[in-house]
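Chemist: Next up, my_file.pdb (PDB, C-alpha atoms).
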```pdb
ATOM      1  CA  MET A   1       0.000   0.000   0.000
ATOM      2  CA  PRO A   2       1.428   3.405  -0.868
ATOM      3  CA  GLU A   3       2.100   5.971   1.799
ATOM      4  CA  HIS A   4      -0.751   8.332   2.667
ATOM      5  CA  HIS A   5       0.212  12.011   2.988
ATOM      6  CA  GLY A   6       3.862  10.939   3.168
ATOM      7  CA  LEU A   7       3.227   8.892   6.304
ATOM      8  CA  ARG A   8       4.478   5.427   7.095
ATOM      9  CA  ASN A   9       2.550   2.498   5.635
ATOM     10  CA  ASP A  10       1.105   1.345   8.962
ATOM     11  CA  VAL A  11      -0.387   4.780   9.616
ATOM     12  CA  ALA A  12      -1.951   4.832   6.161
ATOM     13  CA  ILE A  13      -3.526   1.425   6.805
ATOM     14  CA  PHE A  14      -5.007   2.563  10.120
ATOM     15  CA  ILE A  15      -6.255   5.879   8.732
ATOM     16  CA  GLN A  16      -7.967   4.191   5.815
ATOM     17  CA  GLY A  17      -9.473   1.484   8.062
ATOM     18  CA  SER A  18     -12.477   3.467   9.263
ATOM     19  CA  ASP A  19     -13.464   6.896  10.512
ATOM     20  CA  ALA A  20     -13.532   5.577  14.078
ATOM     21  CA  ILE A  21      -9.995   4.205  13.870
ATOM     22  CA  GLU A  22      -8.740   7.404  12.260
ATOM     23  CA  SER A  23     -10.389   9.454  15.017
ATOM     24  CA  GLY A  24      -8.928   7.080  17.603
ATOM     25  CA  LEU A  25      -5.411   7.686  16.311
ATOM     26  CA  ILE A  26      -6.020  11.416  16.181
ATOM     27  CA  VAL A  27      -7.038  11.593  19.864
ATOM     28  CA  LEU A  28      -4.017   9.525  20.917
ATOM     29  CA  ALA A  29      -1.765  12.286  19.607
ATOM     30  CA  ALA A  30      -2.945  14.518  22.459
ATOM     31  CA  ALA A  31      -0.639  12.639  24.825
ATOM     32  CA  GLU A  32       3.127  12.747  24.534
ATOM     33  CA  SER A  33       3.395   9.209  25.883
ATOM     34  CA  LEU A  34       0.796   6.578  26.632
ATOM     35  CA  THR A  35       0.058   3.420  28.523
ATOM     36  CA  ASP A  36      -2.437   0.948  27.137
ATOM     37  CA  GLU A  37      -4.891   1.925  29.856
ATOM     38  CA  ILE A  38      -4.714   5.644  29.077
ATOM     39  CA  ALA A  39      -4.852   5.024  25.335
ATOM     40  CA  ALA A  40      -8.023   2.956  25.734
ATOM     41  CA  TYR A  41      -9.554   5.609  28.006
ATOM     42  CA  ILE A  42      -8.881   8.353  25.447
ATOM     43  CA  MET A  43     -10.131   6.250  22.515
ATOM     44  CA  GLU A  44     -13.482   5.788  24.244
ATOM     45  CA  LEU A  45     -14.121   9.419  23.250
ATOM     46  CA  VAL A  46     -14.648   8.413  19.654
ATOM     47  CA  GLY A  47     -17.096   5.616  20.338
ATOM     48  CA  PHE A  48     -14.932   2.587  21.006
ATOM     49  CA  GLU A  49     -16.658   0.547  23.684
ATOM     50  CA  ASP A  50     -13.685  -1.808  23.914
ATOM     51  CA  PRO A  51     -10.656  -0.200  22.269
ATOM     52  CA  SER A  52      -8.212  -2.740  23.706
ATOM     53  CA  SER A  53      -7.892  -4.690  20.444
ATOM     54  CA  VAL A  54      -6.964  -1.532  18.530
ATOM     55  CA  VAL A  55      -4.496  -0.508  21.237
ATOM     56  CA  GLU A  56      -2.981  -3.995  21.153
ATOM     57  CA  ALA A  57      -2.622  -3.838  17.360
ATOM     58  CA  LEU A  58      -0.783  -0.515  17.612
ATOM     59  CA  HIS A  59       2.110  -2.262  19.364
ATOM     60  CA  PHE A  60       2.874  -4.096  16.109
ATOM     61  CA  CYS A  61       3.044  -0.928  14.008
ATOM     62  CA  ASP A  62       6.164   0.773  12.762
ATOM     63  CA  PHE A  63       5.119   4.128  14.246
ATOM     64  CA  VAL A  64       4.795   3.022  17.888
ATOM     65  CA  PHE A  65       7.886   2.910  20.081
ATOM     66  CA  GLU A  66       7.968   1.193  23.453
ATOM     67  CA  ARG A  67       9.767   3.007  26.236
ATOM     68  CA  ASN A  68       9.797   1.543  29.732
ATOM     69  CA  SER A  69       6.180   0.995  30.766
ATOM     70  CA  GLU A  70       4.877   3.539  28.255
ATOM     71  CA  TRP A  71       4.864   3.955  24.506
ATOM     72  CA  ASN A  72       5.077   6.835  22.063
ATOM     73  CA  LEU A  73       3.948   7.643  18.576
ATOM     74  CA  ALA A  74       6.821   8.427  16.211
ATOM     75  CA  PRO A  75       7.431  12.201  16.163
ATOM     76  CA  ASP A  76       6.491  12.685  12.499
ATOM     77  CA  VAL A  77       3.308  10.658  12.960
ATOM     78  CA  ARG A  78       2.334  12.492  16.136
ATOM     79  CA  GLU A  79       2.952  15.856  14.467
ATOM     80  CA  TYR A  80       0.659  14.921  11.579
ATOM     81  CA  LEU A  81      -2.037  13.612  13.934
ATOM     82  CA  ILE A  82      -1.848  16.679  16.177
ATOM     83  CA  GLY A  83      -2.499  18.810  13.099
ATOM     84  CA  ARG A  84      -5.581  16.708  12.392
ATOM     85  CA  LEU A  85      -6.644  16.949  16.055
ATOM     86  CA  ARG A  86      -6.460  20.754  15.931
ATOM     87  CA  GLU A  87      -8.886  20.679  12.998
ATOM     88  CA  ARG A  88     -11.456  19.150  15.358
ATOM     89  CA  PRO A  89     -11.683  21.528  18.348
ATOM     90  CA  GLU A  90     -14.362  19.514  20.161
ATOM     91  CA  LEU A  91     -12.208  16.394  20.025
ATOM     92  CA  TYR A  92      -9.098  18.391  20.951
ATOM     93  CA  ARG A  93     -10.783  19.713  24.109
ATOM     94  CA  ALA A  94     -12.289  16.347  25.021
ATOM     95  CA  ALA A  95      -8.961  14.499  24.653
ATOM     96  CA  HIS A  96      -7.130  17.047  26.772
ATOM     97  CA  ASP A  97      -9.916  17.016  29.363
ATOM     98  CA  ARG A  98      -9.491  13.252  29.669
ATOM     99  CA  LEU A  99      -5.731  13.607  30.081
ATOM    100  CA  LEU A 100      -6.245  16.260  32.751
ATOM    101  CA  ALA A 101      -8.669  13.957  34.560
ATOM    102  CA  VAL A 102      -6.035  11.198  34.549
ATOM    103  CA  CYS A 103      -3.433  13.572  35.975
ATOM    104  CA  ARG A 104      -5.788  14.736  38.711
ATOM    105  CA  SER A 105      -6.684  11.177  39.699
ATOM    106  CA  ARG A 106      -3.086  10.197  40.417
TER     107      ARG A 106
END
```
Let me see the structure of the file written as structure tokens.

Modeler:
Amino acid sequence: MPEHHGLRNDVAIFIQGSDAIESGLIVLAAAESLTDEIAAYIMELVGFEDPSSVVEALHFCDFVFERNSEWNLAPDVREYLIGRLRERPELYRAAHDRLLAVCRSR
């Protein structure tokens, strides 16, 4: 599959999978680093009742990098997704509200 918008192949596959999966990736860009639990919590914003299978699949992609007990999106991928997140102000606010809630609960 050719690259989409100059992104890595795995990102293009996810983005073209469905609107929900694309939105799920977009909201994940709100966080600099993630755990599976936080990623699933954020992805619930876009309608995933059980996002764990998508989160699990991300660990096999070329744009996800494990670091200690957390993981990160590759910088170029995150930059692209943040741009897309900014185009959707309601989602931008909701994702950051969820991250703030996580910070306050710890």

Chemist: Mind telling me what the PyMOL selection byres ((chain A and resi 54-56) around 9) catches here, as a PyMOL selection string?

Modeler: chain A and resi 21+24+36-37+39-40+43+50-53+57-60

Chemist: Assuming the chain letters and numbering stay as they are in my file, what does the PyMOL selection byres ((chain A and resi 46) around 10) actually select? List them as a PyMOL selection string.

Modeler: chain A and resi 19-27+42-45+47-49+51+91+94-95

Chemist: Quick check on the file I pasted: which residues fall under the PyMOL selection byres ((chain A and resi 63-74) around 10)? Write them as a PDB file with C-alpha atoms, in the frame of the given file.

Modeler:
```pdb
ATOM      1  CA  LEU A   7       3.227   8.892   6.304  1.00  0.00           C
ATOM      2  CA  ARG A   8       4.478   5.427   7.095  1.00  0.00           C
ATOM      3  CA  ASN A   9       2.550   2.498   5.635  1.00  0.00           C
ATOM      4  CA  ASP A  10       1.105   1.345   8.962  1.00  0.00           C
ATOM      5  CA  VAL A  11      -0.387   4.780   9.616  1.00  0.00           C
ATOM      6  CA  LEU A  25      -5.411   7.686  16.311  1.00  0.00           C
ATOM      7  CA  LEU A  28      -4.017   9.525  20.917  1.00  0.00           C
ATOM      8  CA  ALA A  29      -1.765  12.286  19.607  1.00  0.00           C
ATOM      9  CA  ALA A  31      -0.639  12.639  24.825  1.00  0.00           C
ATOM     10  CA  GLU A  32       3.127  12.747  24.534  1.00  0.00           C
ATOM     11  CA  SER A  33       3.395   9.209  25.883  1.00  0.00           C
ATOM     12  CA  LEU A  34       0.796   6.578  26.632  1.00  0.00           C
ATOM     13  CA  THR A  35       0.058   3.420  28.523  1.00  0.00           C
ATOM     14  CA  ASP A  36      -2.437   0.948  27.137  1.00  0.00           C
ATOM     15  CA  ILE A  38      -4.714   5.644  29.077  1.00  0.00           C
ATOM     16  CA  ALA A  39      -4.852   5.024  25.335  1.00  0.00           C
ATOM     17  CA  LEU A  58      -0.783  -0.515  17.612  1.00  0.00           C
ATOM     18  CA  HIS A  59       2.110  -2.262  19.364  1.00  0.00           C
ATOM     19  CA  PHE A  60       2.874  -4.096  16.109  1.00  0.00           C
ATOM     20  CA  CYS A  61       3.044  -0.928  14.008  1.00  0.00           C
ATOM     21  CA  ASP A  62       6.164   0.773  12.762  1.00  0.00           C
ATOM     22  CA  PRO A  75       7.431  12.201  16.163  1.00  0.00           C
ATOM     23  CA  ASP A  76       6.491  12.685  12.499  1.00  0.00           C
ATOM     24  CA  VAL A  77       3.308  10.658  12.960  1.00  0.00           C
ATOM     25  CA  ARG A  78       2.334  12.492  16.136  1.00  0.00           C
ATOM     26  CA  GLU A  79       2.952  15.856  14.467  1.00  0.00           C
ATOM     27  CA  LEU A  81      -2.037  13.612  13.934  1.00  0.00           C
TER      28      LEU A  81
END
```

Chemist: Tell me, in Å to one decimal, how far CA of Glu87 (chain A) is from CA of Leu99 (chain A).

Modeler: 18.8 Å

Chemist: Quick one, how far is CA of Gly83 (chain A) from CA of Ala30 (chain A)?

Modeler: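 Distance reported for this atom pair: 10.3 Å.
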
Chemist: At what distance in Å, to one decimal, does CA of Ser18 (chain A) lie from CA of Arg98 (chain A)?

Modeler: 22.8 Å

Chemist: Could you give me the axis-aligned bounding box of region 45-60 of chain A, with 5 Å of padding per side, as centre plus edge lengths in Å to one decimal, as lines of an AutoDock Vina configuration file?

Modeler:
```
center_x = -7.1
center_y = 2.4
center_z = 20.0
size_x = 30.0
size_y = 24.1
size_z = 17.8
```

Chemist: Quick one: region 55-83 of chain A with N, CA and C atoms, as a PDB file, in the coordinates of the input?

Modeler:
```pdb
ATOM      1  N   VAL A  55      -5.704  -0.880  20.502  1.00  0.00           N
ATOM      2  CA  VAL A  55      -4.496  -0.508  21.237  1.00  0.00           C
ATOM      3  C   VAL A  55      -3.459  -1.625  21.130  1.00  0.00           C
ATOM      4  N   GLU A  56      -3.898  -2.851  21.267  1.00  0.00           N
ATOM      5  CA  GLU A  56      -2.981  -3.995  21.153  1.00  0.00           C
ATOM      6  C   GLU A  56      -2.348  -4.047  19.764  1.00  0.00           C
ATOM      7  N   ALA A  57      -3.134  -3.807  18.731  1.00  0.00           N
ATOM      8  CA  ALA A  57      -2.622  -3.838  17.360  1.00  0.00           C
ATOM      9  C   ALA A  57      -1.588  -2.745  17.122  1.00  0.00           C
ATOM     10  N   LEU A  58      -1.741  -1.611  17.785  1.00  0.00           N
ATOM     11  CA  LEU A  58      -0.783  -0.515  17.612  1.00  0.00           C
ATOM     12  C   LEU A  58       0.640  -0.921  17.989  1.00  0.00           C
ATOM     13  N   HIS A  59       0.778  -1.837  18.922  1.00  0.00           N
ATOM     14  CA  HIS A  59       2.110  -2.262  19.364  1.00  0.00           C
ATOM     15  C   HIS A  59       2.887  -2.994  18.261  1.00  0.00           C
ATOM     16  N   PHE A  60       2.214  -3.395  17.214  1.00  0.00           N
ATOM     17  CA  PHE A  60       2.874  -4.096  16.109  1.00  0.00           C
ATOM     18  C   PHE A  60       3.178  -3.169  14.939  1.00  0.00           C
ATOM     19  N   CYS A  61       2.871  -1.891  15.097  1.00  0.00           N
ATOM     20  CA  CYS A  61       3.044  -0.928  14.008  1.00  0.00           C
ATOM     21  C   CYS A  61       4.412  -0.268  14.041  1.00  0.00           C
ATOM     22  N   ASP A  62       4.843   0.170  12.873  1.00  0.00           N
ATOM     23  CA  ASP A  62       6.164   0.773  12.762  1.00  0.00           C
ATOM     24  C   ASP A  62       6.229   2.200  13.292  1.00  0.00           C
ATOM     25  N   PHE A  63       5.118   2.757  13.744  1.00  0.00           N
ATOM     26  CA  PHE A  63       5.119   4.128  14.246  1.00  0.00           C
ATOM     27  C   PHE A  63       4.912   4.216  15.760  1.00  0.00           C
ATOM     28  N   VAL A  64       4.933   3.068  16.433  1.00  0.00           N
ATOM     29  CA  VAL A  64       4.795   3.022  17.888  1.00  0.00           C
ATOM     30  C   VAL A  64       6.103   2.509  18.475  1.00  0.00           C
ATOM     31  N   PHE A  65       6.618   3.253  19.465  1.00  0.00           N
ATOM     32  CA  PHE A  65       7.886   2.910  20.081  1.00  0.00           C
ATOM     33  C   PHE A  65       7.694   2.701  21.576  1.00  0.00           C
ATOM     34  N   GLU A  66       8.074   1.526  22.030  1.00  0.00           N
ATOM     35  CA  GLU A  66       7.968   1.193  23.453  1.00  0.00           C
ATOM     36  C   GLU A  66       9.095   1.882  24.211  1.00  0.00           C
ATOM     37  N   ARG A  67       8.752   2.388  25.390  1.00  0.00           N
ATOM     38  CA  ARG A  67       9.767   3.007  26.236  1.00  0.00           C
ATOM     39  C   ARG A  67       9.361   2.776  27.687  1.00  0.00           C
ATOM     40  N   ASN A  68      10.104   1.929  28.359  1.00  0.00           N
ATOM     41  CA  ASN A  68       9.797   1.543  29.732  1.00  0.00           C
ATOM     42  C   ASN A  68       8.375   0.990  29.794  1.00  0.00           C
ATOM     43  N   SER A  69       7.555   1.513  30.656  1.00  0.00           N
ATOM     44  CA  SER A  69       6.180   0.995  30.766  1.00  0.00           C
ATOM     45  C   SER A  69       5.205   1.789  29.916  1.00  0.00           C
ATOM     46  N   GLU A  70       5.725   2.706  29.109  1.00  0.00           N
ATOM     47  CA  GLU A  70       4.877   3.539  28.255  1.00  0.00           C
ATOM     48  C   GLU A  70       5.276   3.342  26.799  1.00  0.00           C
ATOM     49  N   TRP A  71       4.522   3.974  25.918  1.00  0.00           N
ATOM     50  CA  TRP A  71       4.864   3.955  24.506  1.00  0.00           C
ATOM     51  C   TRP A  71       4.554   5.306  23.883  1.00  0.00           C
ATOM     52  N   ASN A  72       5.188   5.555  22.749  1.00  0.00           N
ATOM     53  CA  ASN A  72       5.077   6.835  22.063  1.00  0.00           C
ATOM     54  C   ASN A  72       4.762   6.617  20.592  1.00  0.00           C
ATOM     55  N   LEU A  73       4.104   7.598  20.019  1.00  0.00           N
ATOM     56  CA  LEU A  73       3.948   7.643  18.576  1.00  0.00           C
ATOM     57  C   LEU A  73       5.209   8.282  18.010  1.00  0.00           C
ATOM     58  N   ALA A  74       5.648   7.834  16.853  1.00  0.00           N
ATOM     59  CA  ALA A  74       6.821   8.427  16.211  1.00  0.00           C
ATOM     60  C   ALA A  74       6.579   9.928  16.038  1.00  0.00           C
ATOM     61  N   PRO A  75       7.613  10.748  16.214  1.00  0.00           N
ATOM     62  CA  PRO A  75       7.431  12.201  16.163  1.00  0.00           C
ATOM     63  C   PRO A  75       6.742  12.713  14.892  1.00  0.00           C
ATOM     64  N   ASP A  76       7.123  12.204  13.731  1.00  0.00           N
ATOM     65  CA  ASP A  76       6.491  12.685  12.499  1.00  0.00           C
ATOM     66  C   ASP A  76       5.018  12.295  12.438  1.00  0.00           C
ATOM     67  N   VAL A  77       4.697  11.127  12.940  1.00  0.00           N
ATOM     68  CA  VAL A  77       3.308  10.658  12.960  1.00  0.00           C
ATOM     69  C   VAL A  77       2.501  11.493  13.944  1.00  0.00           C
ATOM     70  N   ARG A  78       3.050  11.702  15.127  1.00  0.00           N
ATOM     71  CA  ARG A  78       2.334  12.492  16.136  1.00  0.00           C
ATOM     72  C   ARG A  78       2.102  13.916  15.637  1.00  0.00           C
ATOM     73  N   GLU A  79       3.094  14.499  14.998  1.00  0.00           N
ATOM     74  CA  GLU A  79       2.952  15.856  14.467  1.00  0.00           C
ATOM     75  C   GLU A  79       1.797  15.926  13.458  1.00  0.00           C
ATOM     76  N   TYR A  80       1.745  14.971  12.561  1.00  0.00           N
ATOM     77  CA  TYR A  80       0.659  14.921  11.579  1.00  0.00           C
ATOM     78  C   TYR A  80      -0.691  14.783  12.283  1.00  0.00           C
ATOM     79  N   LEU A  81      -0.774  13.860  13.239  1.00  0.00           N
ATOM     80  CA  LEU A  81      -2.037  13.612  13.934  1.00  0.00           C
ATOM     81  C   LEU A  81      -2.456  14.796  14.803  1.00  0.00           C
ATOM     82  N   ILE A  82      -1.514  15.483  15.400  1.00  0.00           N
ATOM     83  CA  ILE A  82      -1.848  16.679  16.177  1.00  0.00           C
ATOM     84  C   ILE A  82      -2.458  17.739  15.263  1.00  0.00           C
ATOM     85  N   GLY A  83      -1.916  17.881  14.083  1.00  0.00           N
ATOM     86  CA  GLY A  83      -2.499  18.810  13.099  1.00  0.00           C
ATOM     87  C   GLY A  83      -3.942  18.454  12.800  1.00  0.00           C
TER      88      GLY A  83
END
```
